[in-house]
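First the structure, in the form of structure tokens, and then the observations on it.
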Amino acid sequence: MDNTLLISLSHQIAAFRSMDAIANNIANVSTTAFQREEPTFQEYIVNVQPAEGEVGQQSLSFVKDTGLVRDLGEGRLDTTGAPFDLAIHGKGYFVVQTANGDRYTRDGHFTLNETGQLVTSNGDAVQGDAGPITITPDDGDIHIAADGTVSGKTGQIGRLRVVDFENPRLLAKEGASLYATDQPPVTADNFKLQSGMLESSNVQPVLEIAHMIEVMRAYQATATLSQSQEDLMRRAIQELGGIQN
Amino acid sequence: MRALSIAATGMLAQQTNVEVIANNLANMNTTGFKEQRAEFEDLLYQNITQPGANSSDSGTVVPSGIQIGAGVRTAAVYRVTTQGDFKNTANPYDVAISGPGFFRIQQPDGTDAYTRAGNFGLSPEGQIVTDQGYTVSPGIAIPANTLSVAINAQGQVSATIAGQSAPQAVGTLELTRFANEAGLRAIGNNLYLETPASGSPQAGVPGTTGYGTLQQGFLETSNVNAVEEITSLITAQRAYEMNSKVITAADQMLQATTHLGG
């Protein structure tokens, strides 16, 4: 008899999870290179004993969240004009050297630090093929080619390392637009760097809002169902449990 | 329910975005102003199922895991240090820098500040000063009875004095550069200060390698692009509204919850 409430509860928890994911997508609508996520759900079937007076196997179907799938699609490229803003058009990730080891990012907003090293907005060095890239004021105007070659007035300075993975979905998000993984990186060859541009997030606001309304209405419908079930139980207790005169 | 606080971080971020855009637009006509951009990054993630976790004894792995984000934060508000346009003013003490470099200004407390706004003038003592009256290093005095002043691309200042046929060299304006211009700290009045992030100042002569040249009679306008700013403003405002809608939706869900068992 409690099954109706328990099944409703499993759906309500799933709806809350969806709402959290949608809220995070919308909050990050302006985050550079953010990739939207969508929860996936599975039916979870429980076999139960047949109720009294019924025959045959009976099963209940609950909702279970099984994963949050990252949309690997590319965001639109926005022009910023800053010389060290880089967008990866195609597949690949920049390699960033952090205190916890190498991390990967598609957020190409880089600057120079006090020693002229190319760093992220958190000050972590961006890796080139031969370690961090250092640019001196004598290099004049910097040109970053589509394959990641950084050159100045005096010639080539280095080449940015862009890597890819066999299964990019296995990358774990760490916040600060960084990804971590144990997978060995492979050299990416299917990309083009665009300097003076940043990849915007691939969140589609219209879809998110529509999805949000859908989740909210489904939640409210389930809440109404729980409410009716409860009314039913209350009436049953009152009418059946009433003292007969 | 996380959705409420996640959407709140989104609203805060968009508010910062609008503030940065407002400041850019307000400084559209400020000499030497460099536009700023707000850069956002995602907050920490709560790992509910780690991607790549084992899903069976036979070594199969969870393909995507469940990681719920905590929202967004402003990672940086950085300056885009591209060159602004040149505006002809015909004022002999207006100097624009074409290329990298800053003028060094001596503040009243003796410390150095740096600026790209070359709208200079003369002090009562005849020195070249900024519009606040601060000395432009290295401190060039224009003699009395000067008829005209010429500043060439290499910063050499020469004065034509009444009664003399040849112009007289009175000094050279110097430029200062930094390893990381974007790391300078703005203190208002078009002035910047050195920080640990900018690297130490390197003084040099205009026109030499790595330094820009000077243009007398011109001012560098701000590099704010009004059309770009207005479109960013619209995007930011809509994003703010969307985050507030999430708060409303989450609130309605919570309301439905509190009515349960009513």
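Letters A, B, ... go to the chains of the structure tokens in the order shown; residues in each chain start at 1; ligands are counted from 1 in the same order.
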Taking 5 positions as the minimum chain separation for residues in the same chain, which residues sit within 10 Å of B:Glu241 when counting only C-alpha atoms? Answer as a PyMOL selection string.
chain B and resi 10-11+14+235-236+246-247
Once you count only C-alpha atoms, what closest atom pair and distance in Å to one decimal does each residue of chain B within 6 Å of chain A have, with rows by chain and rising residue number, as CSV?
residue,atom,partner,partner_atom,distance
B:Arg2,CA,A:Asp20,CA,5.8
B:Ala3,CA,A:Asp20,CA,4.5
B:Ile6,CA,A:Asn24,CA,5.9
B:Ala7,CA,A:Ala27,CA,5.6
B:Gly10,CA,A:Ala27,CA,3.9
B:Phe40,CA,A:Thr31,CA,4.7
B:Glu41,CA,A:Ala176,CA,4.9
B:Asp42,CA,A:Gly175,CA,5.1
B:Leu43,CA,A:Gly175,CA,4.7
B:Leu44,CA,A:Gly175,CA,4.3
B:Pro51,CA,A:Leu170,CA,5.4
B:Gly52,CA,A:Leu170,CA,5.8
B:Ser64,CA,A:Val69,CA,5.6
B:Gly65,CA,A:Gly67,CA,4.9
B:Ile66,CA,A:Leu68,CA,4.8
B:Gly69,CA,A:Asn24,CA,5.9
B:Gly71,CA,A:Asn24,CA,5.1
B:Val72,CA,A:Asn28,CA,5.7
B:Val80,CA,A:Ala82,CA,5.2
B:Ala179,CA,A:Gly116,CA,5.1
B:Asn180,CA,A:Leu112,CA,5.2
B:Ala197,CA,A:Glu114,CA,4.7
B:Ser198,CA,A:Glu114,CA,4.8
B:Gly199,CA,A:Glu114,CA,3.9
B:Gly210,CA,A:Asp138,CA,4.7
B:Leu260,CA,A:Gln227,CA,5.9
File of the preceding selection, N, CA and C atoms, as a PDB file, in the first residue's frame:
ATOM      1  N   ARG B   2      19.537  22.010  -4.088  1.00  0.00           N
ATOM      2  CA  ARG B   2      20.692  22.797  -4.517  1.00  0.00           C
ATOM      3  C   ARG B   2      20.310  23.858  -5.543  1.00  0.00           C
ATOM      4  N   ALA B   3      19.248  23.560  -6.318  1.00  0.00           N
ATOM      5  CA  ALA B   3      18.911  24.440  -7.447  1.00  0.00           C
ATOM      6  C   ALA B   3      18.805  25.905  -7.022  1.00  0.00           C
ATOM      7  N   ILE B   6      22.327  27.268  -6.486  1.00  0.00           N
ATOM      8  CA  ILE B   6      23.050  27.279  -7.774  1.00  0.00           C
ATOM      9  C   ILE B   6      22.588  28.474  -8.606  1.00  0.00           C
ATOM     10  N   ALA B   7      21.250  28.672  -8.653  1.00  0.00           N
ATOM     11  CA  ALA B   7      20.722  29.790  -9.437  1.00  0.00           C
ATOM     12  C   ALA B   7      21.157  31.121  -8.829  1.00  0.00           C
ATOM     13  N   GLY B  10      24.419  32.013 -10.102  1.00  0.00           N
ATOM     14  CA  GLY B  10      24.260  32.479 -11.482  1.00  0.00           C
ATOM     15  C   GLY B  10      23.844  33.936 -11.528  1.00  0.00           C
ATOM     16  N   PHE B  40      34.078  33.776 -16.370  1.00  0.00           N
ATOM     17  CA  PHE B  40      33.440  32.915 -15.376  1.00  0.00           C
ATOM     18  C   PHE B  40      33.963  31.489 -15.454  1.00  0.00           C
ATOM     19  N   GLU B  41      33.909  30.801 -14.324  1.00  0.00           N
ATOM     20  CA  GLU B  41      34.257  29.373 -14.326  1.00  0.00           C
ATOM     21  C   GLU B  41      33.299  28.621 -13.425  1.00  0.00           C
ATOM     22  N   ASP B  42      33.154  27.322 -13.659  1.00  0.00           N
ATOM     23  CA  ASP B  42      32.211  26.538 -12.860  1.00  0.00           C
ATOM     24  C   ASP B  42      32.779  26.269 -11.471  1.00  0.00           C
ATOM     25  N   LEU B  43      31.891  26.121 -10.487  1.00  0.00           N
ATOM     26  CA  LEU B  43      32.307  25.873  -9.112  1.00  0.00           C
ATOM     27  C   LEU B  43      32.590  24.378  -8.909  1.00  0.00           C
ATOM     28  N   LEU B  44      32.905  24.024  -7.692  1.00  0.00           N
ATOM     29  CA  LEU B  44      33.222  22.637  -7.375  1.00  0.00           C
ATOM     30  C   LEU B  44      32.070  21.696  -7.719  1.00  0.00           C
ATOM     31  N   PRO B  51      32.848   9.310 -12.471  1.00  0.00           N
ATOM     32  CA  PRO B  51      32.933   8.747 -13.821  1.00  0.00           C
ATOM     33  C   PRO B  51      34.067   7.727 -13.870  1.00  0.00           C
ATOM     34  N   GLY B  52      33.832   6.604 -14.506  1.00  0.00           N
ATOM     35  CA  GLY B  52      34.872   5.586 -14.602  1.00  0.00           C
ATOM     36  C   GLY B  52      34.886   4.627 -13.429  1.00  0.00           C
ATOM     37  N   SER B  64      29.500   7.812 -17.493  1.00  0.00           N
ATOM     38  CA  SER B  64      29.537   9.254 -17.306  1.00  0.00           C
ATOM     39  C   SER B  64      29.443   9.705 -15.857  1.00  0.00           C
ATOM     40  N   GLY B  65      29.072   8.834 -14.933  1.00  0.00           N
ATOM     41  CA  GLY B  65      29.039   9.223 -13.536  1.00  0.00           C
ATOM     42  C   GLY B  65      27.984  10.264 -13.240  1.00  0.00           C
ATOM     43  N   ILE B  66      27.892  10.668 -11.987  1.00  0.00           N
ATOM     44  CA  ILE B  66      26.970  11.744 -11.617  1.00  0.00           C
ATOM     45  C   ILE B  66      27.772  12.760 -10.821  1.00  0.00           C
ATOM     46  N   GLY B  69      27.101  20.033 -10.131  1.00  0.00           N
ATOM     47  CA  GLY B  69      27.867  21.262  -9.955  1.00  0.00           C
ATOM     48  C   GLY B  69      27.239  22.146  -8.900  1.00  0.00           C
ATOM     49  N   GLY B  71      27.356  25.559  -9.219  1.00  0.00           N
ATOM     50  CA  GLY B  71      27.078  26.870  -9.794  1.00  0.00           C
ATOM     51  C   GLY B  71      28.284  27.476 -10.467  1.00  0.00           C
ATOM     52  N   VAL B  72      28.382  28.788 -10.383  1.00  0.00           N
ATOM     53  CA  VAL B  72      29.374  29.521 -11.176  1.00  0.00           C
ATOM     54  C   VAL B  72      30.040  30.561 -10.292  1.00  0.00           C
ATOM     55  N   VAL B  80      41.328  43.959 -21.642  1.00  0.00           N
ATOM     56  CA  VAL B  80      41.747  43.639 -23.010  1.00  0.00           C
ATOM     57  C   VAL B  80      42.644  44.792 -23.442  1.00  0.00           C
ATOM     58  N   ALA B 179      56.033  42.748 -18.228  1.00  0.00           N
ATOM     59  CA  ALA B 179      55.901  41.401 -18.799  1.00  0.00           C
ATOM     60  C   ALA B 179      54.425  41.088 -19.000  1.00  0.00           C
ATOM     61  N   ASN B 180      53.588  41.520 -18.076  1.00  0.00           N
ATOM     62  CA  ASN B 180      52.155  41.228 -18.149  1.00  0.00           C
ATOM     63  C   ASN B 180      51.358  42.497 -17.874  1.00  0.00           C
ATOM     64  N   ALA B 197      51.900  40.620 -10.067  1.00  0.00           N
ATOM     65  CA  ALA B 197      51.468  39.901 -11.271  1.00  0.00           C
ATOM     66  C   ALA B 197      51.932  40.573 -12.551  1.00  0.00           C
ATOM     67  N   SER B 198      52.208  41.875 -12.503  1.00  0.00           N
ATOM     68  CA  SER B 198      52.575  42.575 -13.736  1.00  0.00           C
ATOM     69  C   SER B 198      54.042  42.374 -14.090  1.00  0.00           C
ATOM     70  N   GLY B 199      54.846  42.027 -13.074  1.00  0.00           N
ATOM     71  CA  GLY B 199      56.289  41.991 -13.296  1.00  0.00           C
ATOM     72  C   GLY B 199      56.862  43.371 -13.043  1.00  0.00           C
ATOM     73  N   GLY B 210      60.237  46.483 -28.749  1.00  0.00           N
ATOM     74  CA  GLY B 210      59.324  46.206 -27.643  1.00  0.00           C
ATOM     75  C   GLY B 210      58.636  47.434 -27.074  1.00  0.00           C
ATOM     76  N   LEU B 260       2.363  18.698   0.814  1.00  0.00           N
ATOM     77  CA  LEU B 260       2.124  17.258   0.974  1.00  0.00           C
ATOM     78  C   LEU B 260       1.738  16.996   2.406  1.00  0.00           C
TER      79      LEU B 260
END
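The space between atom CA of B:Gly183 and atom CA of B:Gln83 spans 16.6 Å.
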I need the helix (DSSP H, G or I) residues of stretch 73-181 of chain A per DSSP on the backbone, written as a ChimeraX atom specification.
/A:137-139,168-170
Those in stretch 12-234 of chain A with strand (DSSP E) from DSSP, as a CSV table (one decimal) with C-alpha atoms, in the first residue's frame:
chain,number,residue,atom,x,y,z
A,37,GLU,CA,24.9,18.2,-18.6
A,38,GLU,CA,21.7,16.1,-18.7
A,39,PRO,CA,20.8,13.5,-16.2
A,40,THR,CA,19.8,10.0,-17.5
A,41,PHE,CA,17.3,7.9,-15.6
A,42,GLN,CA,16.6,4.2,-15.7
A,43,GLU,CA,13.6,2.1,-14.7
A,44,TYR,CA,14.4,0.1,-11.6
A,45,ILE,CA,12.1,-2.9,-11.4
A,46,VAL,CA,11.3,-4.6,-8.1
A,47,ASN,CA,9.4,-7.9,-8.1
A,48,VAL,CA,7.0,-8.2,-5.2
A,58,GLN,CA,3.8,-8.4,-9.8
A,59,SER,CA,6.5,-5.8,-10.3
A,60,LEU,CA,7.0,-2.2,-9.3
A,61,SER,CA,8.8,0.3,-11.3
A,62,PHE,CA,10.9,2.9,-9.6
A,63,VAL,CA,13.0,5.7,-11.1
A,64,LYS,CA,16.8,5.6,-10.6
A,65,ASP,CA,19.3,8.2,-11.8
A,66,THR,CA,22.2,6.5,-13.5
A,67,GLY,CA,24.4,9.2,-14.8
A,68,LEU,CA,24.9,12.8,-15.8
A,69,VAL,CA,25.8,12.9,-19.5
A,70,ARG,CA,28.0,15.8,-20.6
A,77,LEU,CA,33.0,31.2,-30.6
A,78,ASP,CA,32.9,34.7,-29.2
A,79,THR,CA,35.4,37.4,-30.2
A,86,LEU,CA,42.2,30.9,-27.5
A,87,ALA,CA,39.3,28.8,-28.6
A,88,ILE,CA,39.7,25.2,-29.7
A,89,HIS,CA,37.6,24.6,-32.8
A,90,GLY,CA,37.2,20.9,-33.0
A,93,TYR,CA,41.9,20.0,-24.5
A,94,PHE,CA,44.7,22.3,-23.3
A,95,VAL,CA,47.0,20.9,-20.7
A,96,VAL,CA,47.4,22.9,-17.5
A,97,GLN,CA,50.0,22.2,-14.8
A,98,THR,CA,48.3,22.5,-11.4
A,101,GLY,CA,49.2,17.4,-11.5
A,102,ASP,CA,48.2,17.9,-15.1
A,103,ARG,CA,44.6,19.0,-15.7
A,104,TYR,CA,42.7,19.5,-18.9
A,105,THR,CA,40.5,22.4,-20.0
A,110,PHE,CA,45.1,32.7,-20.7
A,111,THR,CA,47.3,35.7,-19.6
A,112,LEU,CA,50.9,36.2,-18.9
A,118,LEU,CA,51.4,31.8,-20.3
A,119,VAL,CA,49.0,30.9,-17.4
A,120,THR,CA,45.3,30.4,-16.8
A,125,ALA,CA,51.0,27.3,-16.3
A,126,VAL,CA,49.7,26.2,-19.7
A,127,GLN,CA,51.8,23.4,-21.1
A,128,GLY,CA,53.5,23.5,-24.5
A,131,GLY,CA,57.0,22.7,-21.0
A,132,PRO,CA,55.5,26.1,-20.1
A,143,HIS,CA,50.8,35.2,-33.4
A,144,ILE,CA,49.3,31.9,-32.4
A,149,THR,CA,52.5,27.3,-32.8
A,150,VAL,CA,53.3,30.5,-30.8
A,151,SER,CA,55.6,32.8,-32.7
A,152,GLY,CA,56.8,36.4,-32.1
A,155,GLY,CA,60.6,33.4,-34.6
A,156,GLN,CA,58.9,30.4,-33.1
A,157,ILE,CA,58.6,30.4,-29.3
A,158,GLY,CA,56.9,27.1,-28.7
A,159,ARG,CA,53.8,25.1,-29.5
A,162,VAL,CA,46.4,20.1,-27.3
A,163,VAL,CA,45.4,16.6,-26.3
A,164,ASP,CA,42.4,14.4,-26.7
A,172,ALA,CA,35.8,14.2,-14.2
A,173,LYS,CA,34.9,17.8,-13.6
A,174,GLU,CA,36.9,19.5,-11.0
A,175,GLY,CA,35.4,23.0,-11.1
A,178,LEU,CA,39.3,21.9,-15.3
A,179,TYR,CA,38.9,18.2,-16.0
A,180,ALA,CA,40.9,15.4,-14.4
A,186,VAL,CA,46.7,11.2,-27.0
A,187,THR,CA,47.8,14.0,-29.3
A,191,PHE,CA,41.4,20.9,-34.2
A,192,LYS,CA,42.1,24.5,-35.1
A,193,LEU,CA,43.0,27.2,-32.6
A,194,GLN,CA,41.5,30.6,-33.0
A,195,SER,CA,43.3,33.4,-31.1
A,197,MET,CA,38.3,34.2,-29.4
A,198,LEU,CA,36.8,32.2,-26.6
A,199,GLU,CA,34.4,29.2,-26.8
Write out as a compact mmCIF listing (two decimals) with N, CA and C atoms, in the first residue's frame each polymer residue whose atoms come within 7 Å of stretch 113-123 of chain B, counting only C-alpha atoms; drop sequence neighbours fewer than 3 positions from it.
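Now in part_39.txt:
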# COMPACT_ATOMS: atom_id res chain seq x y z
N THR B 31 40.05 58.75 -22.22
CA THR B 31 41.32 58.61 -22.95
C THR B 31 42.12 57.43 -22.41
N GLY B 32 42.56 56.56 -23.30
CA GLY B 32 43.45 55.46 -22.92
C GLY B 32 42.80 54.35 -22.13
N TYR B 93 50.55 69.21 -26.39
CA TYR B 93 50.91 68.38 -25.24
C TYR B 93 50.07 67.11 -25.15
N ASP B 94 49.29 66.82 -26.16
CA ASP B 94 48.59 65.53 -26.22
C ASP B 94 49.48 64.55 -26.95
N VAL B 95 49.79 63.43 -26.29
CA VAL B 95 50.70 62.44 -26.87
C VAL B 95 50.06 61.06 -26.80
N ALA B 96 49.94 60.39 -27.94
CA ALA B 96 49.40 59.03 -27.95
C ALA B 96 50.53 58.04 -28.13
N ILE B 97 50.41 56.87 -27.50
CA ILE B 97 51.41 55.81 -27.66
C ILE B 97 50.88 54.83 -28.70
N PHE B 102 53.86 52.41 -21.39
CA PHE B 102 53.10 53.33 -20.55
C PHE B 102 53.98 54.53 -20.22
N PHE B 103 53.35 55.68 -20.01
CA PHE B 103 54.09 56.82 -19.46
C PHE B 103 54.24 56.58 -17.96
N ARG B 104 55.37 56.99 -17.41
CA ARG B 104 55.57 56.88 -15.96
C ARG B 104 55.22 58.22 -15.34
N ILE B 105 54.37 58.19 -14.33
CA ILE B 105 53.89 59.41 -13.68
C ILE B 105 54.36 59.39 -12.24
N GLN B 106 54.87 60.52 -11.77
CA GLN B 106 55.26 60.58 -10.36
C GLN B 106 54.09 61.12 -9.55
N GLN B 107 53.61 60.29 -8.62
CA GLN B 107 52.47 60.72 -7.80
C GLN B 107 52.97 61.66 -6.70
N GLY B 126 56.33 75.26 -15.62
CA GLY B 126 56.71 74.93 -16.99
C GLY B 126 57.00 73.46 -17.21
N GLN B 127 56.72 72.61 -16.22
CA GLN B 127 56.98 71.18 -16.38
C GLN B 127 55.82 70.48 -17.08
N ILE B 128 56.11 69.39 -17.82
CA ILE B 128 55.05 68.60 -18.44
C ILE B 128 54.40 67.75 -17.35
N VAL B 129 53.08 67.96 -17.15
CA VAL B 129 52.36 67.25 -16.09
C VAL B 129 51.07 66.64 -16.66
N THR B 130 50.47 65.71 -15.90
CA THR B 130 49.18 65.13 -16.30
C THR B 130 48.08 66.12 -15.96
N ASP B 131 46.83 65.76 -16.29
CA ASP B 131 45.75 66.70 -16.00
C ASP B 131 45.46 66.80 -14.51
N GLY B 133 48.08 67.29 -12.57
CA GLY B 133 49.24 68.07 -12.16
C GLY B 133 50.41 67.23 -11.68
N ASN B 190 42.83 57.12 -14.72
CA ASN B 190 43.61 56.55 -15.83
C ASN B 190 44.97 56.03 -15.39
N LEU B 191 45.19 55.87 -14.08
CA LEU B 191 46.51 55.46 -13.61
C LEU B 191 46.52 53.98 -13.24
N TYR B 192 47.68 53.36 -13.41
CA TYR B 192 47.87 51.96 -13.03
C TYR B 192 49.08 51.88 -12.12
N LEU B 193 49.07 50.87 -11.23
CA LEU B 193 50.21 50.62 -10.37
C LEU B 193 50.81 49.26 -10.69
N LEU B 219 45.37 61.69 -29.23
CA LEU B 219 45.08 60.98 -27.99
C LEU B 219 44.57 59.60 -28.35
N GLU B 220 44.87 58.60 -27.49
CA GLU B 220 44.36 57.25 -27.72
C GLU B 220 42.97 57.18 -27.08
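Remark: for B:Met1, the closest of the candidate residues B:Ala90, B:Ser232, B:Ile68, B:Leu214 is B:Ile68 (distances computed over only C-alpha atoms).
You can rank A:His211, A:Thr154, A:Ala14, A:Arg234 by their closest distance to B:Ala249 using only C-alpha atoms, and at the top of that list sits A:His211.
Using only C-alpha atoms, the nearest neighbour of B:Tyr211 within the list B:Glu125, B:Gly99, B:Thr160, B:Ala239 is B:Gly99.
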